[in-house]
Each structure stands twice: as C-alpha cells, then as structure tokens.
Amino acid sequence: MGYCHCDSCRAWSACPVNAFSLWPPDAVRITKGAGSVGGFQKTEKSVRKWCTVCGGHLLTEHPLWRLTDVYAAVVPDLPFKPALHVNYESTVLPMRDGLPKQKDVPAEMGGSGVLLPE
Ligand SMILES: [Zn+2]
C-alpha cells in the first residue's frame, strides 16, 4: 500500500495523490454489481475499471506486473498502511511522513529504484 503521485493517477483520481493497495489479481473479486463495471485499457500496463451506474472509480489492473490496484478509498474497512510513495518526482503535494519516496517505481517493477529526499 502506498501513494502514487504520477500525472495519470492524479488526473484519474481528481486528487493530488492516489492511495493504492496492490493485490495479486486472484485475490480481488467483485462481489456485487460486476455486470456494471466498465473498463478502459489506457496502456499495456494499466486497465482502468469503474462503475457504469454511479461513475465511481474502482481499481486499475496492471497485467504486466500481475497486480491489481484497488483504490484504498473504495474499501472502507481496509486498514490503510502505506509503505512507500511512488512517482514522487511528479509530486504536487510533498508529504513529510518518513516513508520511502521512490523517484518512479521500485526496481522490482522495472523502475529506477532511486529514492528521493522528502
Ligand atoms: Zn500513478
């Protein structure tokens, strides 16, 4: 779990940061209203999903990383425990919380792995 500061997340979430929670795809199951989920493949790395009834954003699938980002804000009972910031080079809302600030994404995900100061 963490925060993404990239332009794409900011525009999609209409917020200065996106609070994410990443899961193996098999661990995510829509239990109600699955027939009302719209999708848009923005890039090879991300497929956005939203509710076609209310317009609410639900999640982003990251097939190349075999991860699904369920936005922390849409799981009210989820104890949000952020571990890092990603794409911090794009931040418009610096956050001094002591967590690691990845310039882009961790090296394990194909990023530089470079950390930025707060
Ligand atoms: Zn992002």
# chains A, B, ... in the order shown; residues from 1 in each chain; ligands from 1
call {"tool": "residues_near_ligand", "arguments": {"ligand": "ligand 1", "cutoff": "6 Å", "atoms": "only C-alpha atoms and all ligand atoms", "output": "list in words"}}
result
Cys4, His5, Cys6, Ser8 and Cys9 of chain A
call {"tool": "write_last_selection", "arguments": {"atoms": "N, CA and C atoms", "output": "PDB file, in the first residue's frame"}}
result
ATOM      1  N   CYS A   4       0.588   7.041  -4.970  1.00  0.00           N
ATOM      2  CA  CYS A   4       1.177   7.334  -6.271  1.00  0.00           C
ATOM      3  C   CYS A   4       0.943   8.810  -6.590  1.00  0.00           C
ATOM      4  N   HIS A   5       2.005   9.434  -7.051  1.00  0.00           N
ATOM      5  CA  HIS A   5       1.968  10.870  -7.347  1.00  0.00           C
ATOM      6  C   HIS A   5       1.992  11.150  -8.851  1.00  0.00           C
ATOM      7  N   CYS A   6       1.848  10.139  -9.704  1.00  0.00           N
ATOM      8  CA  CYS A   6       2.013  10.367 -11.144  1.00  0.00           C
ATOM      9  C   CYS A   6       0.861  11.193 -11.724  1.00  0.00           C
ATOM     10  N   SER A   8      -0.936  10.615 -14.312  1.00  0.00           N
ATOM     11  CA  SER A   8      -2.071   9.797 -14.725  1.00  0.00           C
ATOM     12  C   SER A   8      -3.001   9.509 -13.548  1.00  0.00           C
ATOM     13  N   CYS A   9      -2.417   9.107 -12.417  1.00  0.00           N
ATOM     14  CA  CYS A   9      -3.238   8.845 -11.230  1.00  0.00           C
ATOM     15  C   CYS A   9      -3.910  10.123 -10.743  1.00  0.00           C
TER      16      CYS A   9
END
call {"tool": "residues_around", "arguments": {"residues": "range 32-43 of chain A", "least_positions_apart": "5", "cutoff": "7 Å", "atoms": "only C-alpha atoms", "output": "number ranges by chain"}}
result
A: 48-53
call {"tool": "atom_distance", "arguments": {"atom1": "CA of Met1 in chain A", "atom2": "CA of Asp69 in chain A"}}
result
9.0 Å
call {"tool": "residues_around", "arguments": {"residues": "range 70-83 of chain A", "least_positions_apart": "3", "cutoff": "7 Å", "atoms": "only C-alpha atoms", "output": "ChimeraX atom specification"}}
result
/A:1-2,19-22,58-60,99
call {"tool": "write_last_selection", "arguments": {"atoms": "N, CA and C atoms", "output": "CSV table (one decimal), in the first residue's frame"}}
result
chain,number,residue,atom,x,y,z
A,1,MET,N,0.8,-1.2,0.0
A,1,MET,CA,0.0,0.0,0.0
A,1,MET,C,0.9,1.2,0.0
A,2,GLY,N,0.4,2.3,-0.6
A,2,GLY,CA,1.2,3.5,-0.7
A,2,GLY,C,0.4,4.6,-1.4
A,19,ALA,N,-4.1,7.0,-3.3
A,19,ALA,CA,-3.8,6.0,-2.3
A,19,ALA,C,-4.1,4.6,-2.9
A,20,PHE,N,-3.1,3.8,-3.0
A,20,PHE,CA,-3.3,2.5,-3.7
A,20,PHE,C,-3.1,1.3,-2.7
A,21,SER,N,-3.7,0.2,-3.1
A,21,SER,CA,-3.4,-1.1,-2.4
A,21,SER,C,-3.3,-2.1,-3.5
A,22,LEU,N,-2.1,-2.8,-3.5
A,22,LEU,CA,-1.8,-3.7,-4.6
A,22,LEU,C,-2.0,-5.1,-4.1
A,58,LEU,N,-13.0,2.2,-9.4
A,58,LEU,CA,-12.9,1.0,-8.6
A,58,LEU,C,-11.4,0.5,-8.4
A,59,LEU,N,-10.8,0.3,-9.5
A,59,LEU,CA,-9.5,-0.3,-9.5
A,59,LEU,C,-8.7,-0.1,-10.8
A,60,THR,N,-7.5,-0.4,-10.8
A,60,THR,CA,-6.7,-0.5,-12.0
A,60,THR,C,-5.9,-1.8,-12.0
A,99,LEU,N,8.1,8.0,5.0
A,99,LEU,CA,8.1,6.8,4.2
A,99,LEU,C,9.1,7.0,3.0
call {"tool": "residues_around", "arguments": {"residues": "Tyr88 in chain A", "least_positions_apart": "2", "cutoff": "7 Å", "atoms": "only C-alpha atoms", "output": "number ranges by chain"}}
result
A: 5, 85-86, 90-91, 101-104
call {"tool": "residues_around", "arguments": {"residues": "Ala27 in chain A", "least_positions_apart": "4", "cutoff": "10 Å", "atoms": "only C-alpha atoms", "output": "list in words"}}
result
Leu22, Trp23, Leu67 and Thr68 of chain A
call {"tool": "select_by_dssp", "arguments": {"residues": "chain A", "states": "strand (DSSP E)", "output": "ChimeraX atom specification"}}
result
/A:2-4,18-23,37-43,46-51,57-62,67-71,84-86
call {"tool": "atom_distance", "arguments": {"atom1": "CA of Lys45 in chain A", "atom2": "CA of Gly110 in chain A"}}
result
11.4 Å
call {"tool": "atom_distance", "arguments": {"atom1": "CA of Glu108 in chain A", "atom2": "CA of His57 in chain A"}}
result
26.8 Å
call {"tool": "select_by_dssp", "arguments": {"residues": "chain A", "states": "helix (DSSP H, G or I)", "output": "list of chain:residue names"}}
result
A:Asp7, A:Ser8, A:Cys9, A:Arg10, A:Ala11, A:Trp12, A:Ser13, A:Pro25, A:Asp26, A:Ala27, A:Ala34, A:Gly35, A:Ser36, A:Pro63, A:Leu64, A:Trp65, A:Ala72, A:Ala73, A:Val74, A:Tyr88, A:Glu89, A:Ser90, A:Ala107, A:Glu108, A:Met109
call {"tool": "decode", "arguments": {"residues": "range 41-114 of chain A", "atoms": "C-alpha atoms", "output": "PDB file, in the first residue's frame"}}
result
ATOM      1  CA  GLN A  41      -7.082  -0.107 -21.355  1.00  0.00           C
ATOM      2  CA  LYS A  42      -5.099   3.082 -21.055  1.00  0.00           C
ATOM      3  CA  THR A  43      -1.710   1.485 -21.643  1.00  0.00           C
ATOM      4  CA  GLU A  44      -0.237  -2.000 -21.766  1.00  0.00           C
ATOM      5  CA  LYS A  45       0.479  -1.506 -18.070  1.00  0.00           C
ATOM      6  CA  SER A  46      -2.940  -0.378 -16.899  1.00  0.00           C
ATOM      7  CA  VAL A  47      -6.615  -1.168 -17.365  1.00  0.00           C
ATOM      8  CA  ARG A  48      -8.918   1.186 -15.510  1.00  0.00           C
ATOM      9  CA  LYS A  49     -12.213  -0.059 -14.085  1.00  0.00           C
ATOM     10  CA  TRP A  50     -15.146   1.991 -12.860  1.00  0.00           C
ATOM     11  CA  CYS A  51     -18.831   1.642 -12.006  1.00  0.00           C
ATOM     12  CA  THR A  52     -21.051   2.397 -15.003  1.00  0.00           C
ATOM     13  CA  VAL A  53     -24.014   3.087 -12.664  1.00  0.00           C
ATOM     14  CA  CYS A  54     -22.511   5.764 -10.423  1.00  0.00           C
ATOM     15  CA  GLY A  55     -19.260   6.593 -12.239  1.00  0.00           C
ATOM     16  CA  GLY A  56     -17.139   5.739  -9.211  1.00  0.00           C
ATOM     17  CA  HIS A  57     -13.602   4.547  -9.833  1.00  0.00           C
ATOM     18  CA  LEU A  58     -12.873   1.036  -8.581  1.00  0.00           C
ATOM     19  CA  LEU A  59      -9.457  -0.277  -9.478  1.00  0.00           C
ATOM     20  CA  THR A  60      -6.675  -0.491 -12.019  1.00  0.00           C
ATOM     21  CA  GLU A  61      -5.366  -3.784 -13.313  1.00  0.00           C
ATOM     22  CA  HIS A  62      -1.630  -3.939 -14.013  1.00  0.00           C
ATOM     23  CA  PRO A  63      -1.335  -7.103 -16.126  1.00  0.00           C
ATOM     24  CA  LEU A  64       2.405  -6.853 -16.769  1.00  0.00           C
ATOM     25  CA  TRP A  65       3.087  -6.638 -13.048  1.00  0.00           C
ATOM     26  CA  ARG A  66       0.391  -9.238 -12.223  1.00  0.00           C
ATOM     27  CA  LEU A  67      -1.058  -6.794  -9.718  1.00  0.00           C
ATOM     28  CA  THR A  68      -4.418  -5.146  -9.201  1.00  0.00           C
ATOM     29  CA  ASP A  69      -4.585  -1.734  -7.573  1.00  0.00           C
ATOM     30  CA  VAL A  70      -7.759  -1.433  -5.558  1.00  0.00           C
ATOM     31  CA  TYR A  71      -8.017   2.207  -4.570  1.00  0.00           C
ATOM     32  CA  ALA A  72      -7.778   2.361  -0.822  1.00  0.00           C
ATOM     33  CA  ALA A  73     -10.656   4.829  -0.678  1.00  0.00           C
ATOM     34  CA  VAL A  74     -13.145   2.317  -2.118  1.00  0.00           C
ATOM     35  CA  VAL A  75     -12.539  -0.280   0.594  1.00  0.00           C
ATOM     36  CA  PRO A  76     -13.875   1.434   3.705  1.00  0.00           C
ATOM     37  CA  ASP A  77     -12.878  -1.349   6.124  1.00  0.00           C
ATOM     38  CA  LEU A  78      -9.335  -1.686   4.805  1.00  0.00           C
ATOM     39  CA  PRO A  79      -6.786  -0.578   7.402  1.00  0.00           C
ATOM     40  CA  PHE A  80      -4.658   1.592   5.127  1.00  0.00           C
ATOM     41  CA  LYS A  81      -0.985   1.110   5.993  1.00  0.00           C
ATOM     42  CA  PRO A  82       1.122   2.905   3.376  1.00  0.00           C
ATOM     43  CA  ALA A  83       4.683   1.644   2.980  1.00  0.00           C
ATOM     44  CA  LEU A  84       6.028   3.953   0.281  1.00  0.00           C
ATOM     45  CA  HIS A  85       5.434   6.701  -2.239  1.00  0.00           C
ATOM     46  CA  VAL A  86       5.894   6.056  -5.982  1.00  0.00           C
ATOM     47  CA  ASN A  87       6.434   8.507  -8.839  1.00  0.00           C
ATOM     48  CA  TYR A  88       7.421  11.094  -6.256  1.00  0.00           C
ATOM     49  CA  GLU A  89       9.321  13.052  -8.914  1.00  0.00           C
ATOM     50  CA  SER A  90       5.883  14.207 -10.141  1.00  0.00           C
ATOM     51  CA  THR A  91       4.516  15.246  -6.774  1.00  0.00           C
ATOM     52  CA  VAL A  92       2.396  18.354  -6.398  1.00  0.00           C
ATOM     53  CA  LEU A  93       1.778  17.563  -2.728  1.00  0.00           C
ATOM     54  CA  PRO A  94       5.004  16.834  -0.859  1.00  0.00           C
ATOM     55  CA  MET A  95       4.271  14.604   2.143  1.00  0.00           C
ATOM     56  CA  ARG A  96       6.705  14.515   5.035  1.00  0.00           C
ATOM     57  CA  ASP A  97       5.737  11.218   6.619  1.00  0.00           C
ATOM     58  CA  GLY A  98       9.096   9.435   6.792  1.00  0.00           C
ATOM     59  CA  LEU A  99       8.115   6.819   4.187  1.00  0.00           C
ATOM     60  CA  PRO A 100      10.474   5.986   1.285  1.00  0.00           C
ATOM     61  CA  LYS A 101       9.929   8.243  -1.744  1.00  0.00           C
ATOM     62  CA  GLN A 102      10.568   6.351  -4.976  1.00  0.00           C
ATOM     63  CA  LYS A 103      11.531   8.656  -7.843  1.00  0.00           C
ATOM     64  CA  ASP A 104       9.457   6.422 -10.152  1.00  0.00           C
ATOM     65  CA  VAL A 105       8.737   2.840  -9.162  1.00  0.00           C
ATOM     66  CA  PRO A 106      10.801   0.200  -7.363  1.00  0.00           C
ATOM     67  CA  ALA A 107      13.453  -1.614  -9.400  1.00  0.00           C
ATOM     68  CA  GLU A 108      11.497  -4.864  -8.928  1.00  0.00           C
ATOM     69  CA  MET A 109       8.744  -3.267 -11.037  1.00  0.00           C
ATOM     70  CA  GLY A 110      11.064  -2.041 -13.766  1.00  0.00           C
ATOM     71  CA  GLY A 111      11.720   1.378 -12.283  1.00  0.00           C
ATOM     72  CA  SER A 112      14.961   3.065 -11.318  1.00  0.00           C
ATOM     73  CA  GLY A 113      14.630   2.238  -7.644  1.00  0.00           C
ATOM     74  CA  VAL A 114      16.033   5.709  -6.905  1.00  0.00           C
TER      75      VAL A 114
END
